[in-house]
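The data block below is protein.cif; it holds mmCIF, C-alpha atoms.
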data_coords
loop_
_atom_site.label_atom_id
_atom_site.label_comp_id
_atom_site.auth_asym_id
_atom_site.auth_seq_id
_atom_site.Cartn_x
_atom_site.Cartn_y
_atom_site.Cartn_z
CA MET M 1 13.77 -9.16 40.53
CA SER M 2 16.99 -10.42 39.00
CA GLU M 3 17.80 -10.73 35.32
CA LYS M 4 20.46 -12.49 33.27
CA SER M 5 21.10 -9.77 30.72
CA GLY M 6 20.86 -6.03 30.25
CA GLY M 7 23.22 -3.95 28.16
CA PHE M 8 25.03 -0.96 29.61
CA ASP M 9 23.71 1.28 26.82
CA GLY M 10 20.08 0.75 27.81
CA TYR M 11 20.62 2.30 31.25
CA LEU M 12 23.82 4.36 31.30
CA LYS M 13 25.15 7.28 29.28
CA PRO M 14 28.31 9.44 29.25
CA GLY M 15 28.40 11.92 32.13
CA LEU M 16 26.29 9.77 34.47
CA ILE M 17 27.79 8.95 37.87
CA VAL M 18 27.83 5.32 39.01
CA SER M 19 29.39 3.42 41.90
CA LEU M 20 32.10 0.77 41.56
CA GLN M 21 32.88 -1.81 44.21
CA ALA M 22 35.44 -4.59 44.26
CA LYS M 23 35.10 -7.50 46.66
CA SER M 24 35.58 -6.41 50.30
CA GLN M 25 36.46 -2.86 49.20
CA PRO M 26 34.64 0.48 49.75
CA GLU M 27 32.53 1.89 46.94
CA VAL M 28 34.13 4.37 44.57
CA ALA M 29 32.20 6.99 42.60
CA ALA M 30 32.96 7.16 38.87
CA VAL M 31 31.83 9.18 35.87
CA VAL M 32 30.80 7.26 32.74
CA SER M 33 33.12 8.22 29.88
CA SER M 34 31.81 5.99 27.07
CA VAL M 35 29.33 3.15 26.84
CA THR M 36 28.23 0.39 24.47
CA LYS M 37 26.03 -2.63 25.05
CA ASP M 38 28.81 -4.76 26.52
CA LEU M 39 31.59 -2.28 27.40
CA ILE M 40 31.79 0.76 29.63
CA SER M 41 34.68 3.12 30.34
CA VAL M 42 34.63 5.21 33.51
CA ASN M 43 36.74 7.83 35.27
CA PRO M 44 36.95 6.99 39.01
CA ILE M 45 36.70 9.89 41.47
CA THR M 46 39.37 9.20 44.09
CA HIS M 47 40.30 12.65 45.52
CA GLY M 48 44.01 11.88 45.27
CA SER M 49 43.80 8.32 46.61
CA GLU M 50 45.59 5.64 44.63
CA LEU M 51 43.25 3.46 42.58
CA THR M 52 43.61 -0.14 43.76
CA PHE M 53 41.70 -1.91 40.97
CA GLN M 54 43.55 -4.51 38.89
CA GLU M 55 43.03 -5.71 35.32
CA GLY M 56 41.09 -8.99 35.35
CA GLU M 57 39.37 -8.11 38.64
CA GLN M 58 35.58 -8.31 38.89
CA LEU M 59 33.59 -5.30 40.10
CA ARG M 60 29.99 -4.52 40.93
CA ILE M 61 28.61 -1.45 39.08
CA LYS M 62 25.49 0.24 40.49
CA ASN M 63 23.23 3.05 39.40
CA TRP M 64 19.85 4.05 40.80
CA ASP M 65 17.13 6.30 39.50
CA GLN M 66 14.38 8.61 40.69
CA GLU M 67 11.87 5.75 40.51
CA THR M 68 13.66 3.97 43.39
CA ALA M 69 15.10 1.17 41.29
CA VAL M 70 18.70 -0.06 41.58
CA TYR M 71 20.42 -1.35 38.44
CA TYR M 72 23.57 -3.38 38.92
CA TRP M 73 26.06 -5.34 36.88
CA THR M 74 28.99 -7.60 37.62
CA ALA M 75 31.78 -6.70 35.21
CA ASP M 76 35.39 -7.63 34.53
CA ILE M 77 38.10 -4.98 34.28
CA ILE M 78 39.67 -5.40 30.86
CA LYS M 79 41.91 -2.32 30.75
CA ILE M 80 43.23 0.35 33.12
CA LEU M 81 44.83 3.50 31.69
CA SER M 82 46.30 5.12 34.81
CA GLU M 83 47.55 8.23 33.01
CA GLN M 84 44.02 8.96 31.80
CA ASN M 85 42.33 7.76 35.00
CA LEU M 86 40.25 5.47 32.78
CA VAL M 87 38.92 2.00 33.55
CA THR M 88 37.20 -0.14 30.90
CA LEU M 89 34.89 -2.96 31.98
CA SER M 90 33.00 -5.75 30.23
CA ALA M 91 29.51 -6.67 31.47
CA GLN M 92 28.89 -10.20 32.78
CA THR M 93 25.52 -10.20 34.57
CA TYR M 94 22.73 -7.69 35.11
CA GLY M 95 20.03 -7.23 37.72
CA LYS M 96 17.41 -4.82 38.99
CA THR M 97 15.76 -4.46 42.39
CA GLN M 98 12.98 -2.27 43.80
CA ARG M 99 12.69 -0.65 47.19
CA ARG M 100 10.34 -2.34 49.66
CA ALA M 101 9.38 -1.86 53.30
CA SER M 102 10.82 -4.15 55.97
CA TYR M 103 11.90 -4.33 59.61
CA ARG M 104 12.70 -1.50 62.03
CA VAL M 105 15.88 -1.31 64.14
CA THR M 106 16.37 0.78 67.29
CA SER M 107 20.02 0.05 68.20
CA PRO M 108 22.89 2.10 66.74
CA VAL M 109 24.87 0.28 64.08
CA ARG M 110 28.41 1.05 62.95
CA PHE M 111 28.69 1.89 59.24
CA SER M 112 30.77 3.60 56.60
CA SER M 113 29.61 5.30 53.43
CA THR M 114 30.65 6.83 50.13
CA VAL M 115 29.07 9.91 48.53
CA ILE M 116 28.31 8.66 45.02
CA GLU M 117 26.89 11.92 43.68
CA ALA M 118 26.51 15.28 45.41
CA THR M 119 24.95 18.61 44.50
CA ASP M 120 28.22 20.16 45.65
CA THR M 121 30.47 18.20 43.30
CA GLU M 122 33.55 18.62 45.52
CA PHE M 123 31.98 16.05 47.88
CA THR M 124 31.37 13.40 45.20
CA GLY M 125 33.55 10.41 46.03
CA LYS M 126 34.08 11.43 49.67
CA ARG M 127 34.26 8.58 52.19
CA ILE M 128 32.66 8.72 55.66
CA ALA M 129 34.31 6.06 57.79
CA ASP M 130 33.27 4.37 61.01
CA HIS M 131 30.13 6.23 62.04
CA ASN M 132 27.27 5.05 64.24
CA SER M 133 23.67 5.50 63.19
CA LYS M 134 21.47 7.65 65.41
CA ASN M 135 18.28 6.04 64.20
CA LEU M 136 18.09 3.12 61.83
CA SER M 137 15.44 1.14 60.04
CA VAL M 138 15.62 -1.00 56.95
CA ASN M 139 13.96 1.91 55.16
CA GLY M 140 16.64 4.45 56.09
CA VAL M 141 19.24 5.82 58.48
CA LEU M 142 19.78 9.05 60.41
CA PHE M 143 23.35 10.07 61.27
CA GLU M 144 25.59 13.04 62.04
CA THR M 145 28.32 14.20 59.66
CA ASP M 146 30.52 17.22 59.01
CA LEU M 147 29.71 17.05 55.29
CA PRO M 148 26.98 19.53 54.24
CA LEU M 149 25.08 16.99 52.18
CA LYS M 150 21.92 18.11 50.38
CA VAL M 151 18.57 16.53 49.60
CA GLY M 152 18.92 14.33 46.53
CA ASP M 153 22.59 13.43 47.07
CA ARG M 154 23.24 9.72 46.47
CA MET M 155 25.13 7.46 48.85
CA GLY M 156 26.40 3.93 49.16
CA LEU M 157 26.53 2.55 52.71
CA ASP M 158 28.20 -0.49 54.30
CA PHE M 159 26.79 -1.68 57.64
CA HIS M 160 29.32 -3.60 59.71
CA LEU M 161 27.48 -6.68 60.92
CA PRO M 162 28.82 -10.26 61.07
CA HIS M 163 28.36 -10.03 57.28
CA THR M 164 28.73 -6.61 55.65
CA VAL M 165 25.37 -5.35 54.40
CA ASN M 166 25.48 -2.90 51.48
CA ALA M 167 22.76 -0.32 50.92
CA THR M 168 22.18 2.51 48.47
CA GLY M 169 19.97 5.53 48.96
CA TRP M 170 19.09 9.20 48.61
CA VAL M 171 19.52 12.00 51.15
CA VAL M 172 15.97 13.05 52.03
CA ARG M 173 16.81 15.49 54.84
CA SER M 174 19.93 17.41 55.89
CA ASP M 175 19.73 19.90 58.77
CA GLY M 176 22.44 21.88 60.54
CA ASN M 177 22.77 20.79 64.16
CA GLY M 178 24.01 24.17 65.44
CA ILE M 179 27.54 22.97 66.24
CA GLY M 180 28.98 22.83 62.74
CA GLY M 181 27.67 19.39 61.85
CA HIS M 182 24.68 18.11 59.94
CA SER M 183 21.94 15.65 60.79
CA VAL M 184 21.38 13.62 57.63
CA ALA M 185 18.57 11.20 56.81
CA VAL M 186 19.07 8.74 53.95
CA MET M 187 16.20 6.72 52.49
CA PHE M 188 17.32 3.29 51.35
CA LEU M 189 16.56 1.52 48.14
CA GLN M 190 16.15 -2.24 48.46
CA MET M 191 19.14 -4.55 48.50
CA GLU M 192 20.08 -6.83 45.66
CA GLU M 193 18.27 -10.16 45.83
CA GLU M 194 21.16 -12.08 47.37
CA GLN M 195 21.60 -9.49 50.16
CA ARG M 196 17.99 -9.33 51.34
CA PRO M 197 18.50 -12.03 54.00
CA LEU M 198 21.49 -10.05 55.34
CA ILE M 199 19.64 -6.77 55.79
CA GLU M 200 16.99 -8.57 57.83
CA LEU M 201 19.66 -9.30 60.43
CA LEU M 202 19.38 -5.63 61.39
CA SER M 203 16.00 -6.29 62.97
CA LEU M 204 17.66 -8.56 65.55
CA LEU M 205 19.56 -5.57 66.96
CA GLY M 206 16.43 -3.71 68.00
#
Now, as a test, write the supplied structure out as structure tokens.
Amino acid sequence: MSEKSGGFDGYLKPGLIVSLQAKSQPEVAAVVSSVTKDLISVNPITHGSELTFQEGEQLRIKNWDQETAVYYWTADIIKILSEQNLVTLSAQTYGKTQRRASYRVTSPVRFSSTVIEATDTEFTGKRIADHNSKNLSVNGVLFETDLPLKVGDRMGLDFHLPHTVNATGWVVRSDGNGIGGHSVAVMFLQMEEEQRPLIELLSLLG
């Protein structure tokens, strides 16, 4: 399902954590500072990394809820206040997608991910780079990580195929592996409409 309009204020509120993503860049977690129908101001969580966004640049904003729906907007950056770590964006388009079942994959796939929101807030915004999945389907992924993620933590994932495939999801299982790491299972929500053909490429790797 894709829609032409949908104000920020109908879905977002101050204090909520969303993801921001510029073209060909990793996702960044951000806290909503203020929101109106057409404008939103956010504080990116960068853990000391320099913010690379530019005024006039277009971003994708995503948020997903407990009912397994992803809400997303394309938005233009209209102001960056570096001293306040504040980015203000203007909404352009809006969409919504629902999770649905699809194909299973057996081969490991290289991916990277961003922790969008974590129970342990110190991990919000952390980037996990260049991992291989242990077990992957279009419904979810199992992988090993040093981060002690917890059930309910939210993640954005980028699968490195001929075309990058972006996914969002919830941690549904996180178990210690006995050697200081954690075996984490993430359940995916469905891709945005234009990315559905890309995620189906995963089935060809099985």
Given the PyMOL selection byres ((chain M and resi 23) around 12), the residues it picks as a ChimeraX atom specification: /M:20-22,24-27,52-54,57-61,74-75,164,166
Residues matched by the PyMOL selection byres ((chain M and resi 71) around 8) as a list in words: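 With the PyMOL selection byres ((chain M and resi 71) around 8) on this model, the match is Lys62, Asn63, Trp64, Ala69, Val70, Tyr72, Trp73, Tyr94, Gly95, Lys96 and Thr97 of chain M.
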Might I get the box with edges along x, y and z of the file that holds all atoms of region 21-33 of chain M listed there, padded by 5 Å on every side, given as centre and edge lengths in Å to one decimal, as lines of an AutoDock Vina configuration file?
center_x = 33.6
center_y = 0.8
center_z = 40.1
size_x = 15.7
size_y = 26.7
size_z = 30.4
Expansion of the PyMOL selection byres ((chain M and resi 141) around 9) into residues, as a PyMOL selection string: chain M and resi 133-140+142-143+184-188
Contact table region 136-200 of chain M vs region 110-116 of chain M, cut-off 8 Å, shortest pair per residue, only C-alpha atoms, as a tab-separated table:
residue	atom	partner	partner_atom	distance
M:Asp153	CA	M:Val115	CA	7.5
M:Arg154	CA	M:Ile116	CA	5.4
M:Met155	CA	M:Val115	CA	4.7
M:Gly156	CA	M:Thr114	CA	5.2
M:Leu157	CA	M:Ser113	CA	4.2
M:Asp158	CA	M:Ser112	CA	5.4
M:Phe159	CA	M:Phe111	CA	4.3
M:His160	CA	M:Phe111	CA	5.5
Residue nearest Ser33 (chain M) - candidates M:Thr46, M:Ser183, M:Gln84, M:Gln92, atoms counted: only C-alpha atoms: M:Gln84
Atom pair CA of Ser90 (chain M) / CA of Glu117 (chain M): separation (Å):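 Spanning CA of Ser90 (chain M) to CA of Glu117 (chain M) is a straight-line distance of 23.0 Å.
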Selected residue of minimal separation from Gly169 (chain M) among M:Gly152, M:Pro44, M:Pro14, M:Gly181, counting only C-alpha atoms: M:Gly152
Gly56 (chain M) surroundings by all atoms listed in the file, 6 Å radius, close-in-sequence under 2 positions cut, as a PyMOL selection string: chain M and resi 76-78
Got time to write the residues from that selection, C-alpha atoms, as a tab-separated table (two decimals), in the frame of the given file?
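So selection_28.tsv came out as:
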chain	number	residue	atom	x	y	z
M	76	ASP	CA	35.39	-7.63	34.53
M	77	ILE	CA	38.10	-4.98	34.28
M	78	ILE	CA	39.67	-5.40	30.86
Option closest in space to Val172 (chain M), from M:Val31, M:Leu12, M:Leu149, M:Ile40 [counting only C-alpha atoms]: M:Leu149
Residue nearest Leu81 (chain M) among M:Thr119, M:Ser41, M:Thr93, M:Asn132 (counting all atoms listed in the file):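 Smallest separation from Leu81 (chain M) among the options: M:Ser41.
Computed from the coordinates, the CA of Gly6 (chain M) to CA of Ser82 (chain M) distance equals 28.1 Å.
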Atom pair CA of Asp38 (chain M) / CA of Ser19 (chain M): separation (Å):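 Computing the Euclidean distance for CA of Asp38 (chain M) and CA of Ser19 (chain M) yields 17.4 Å.
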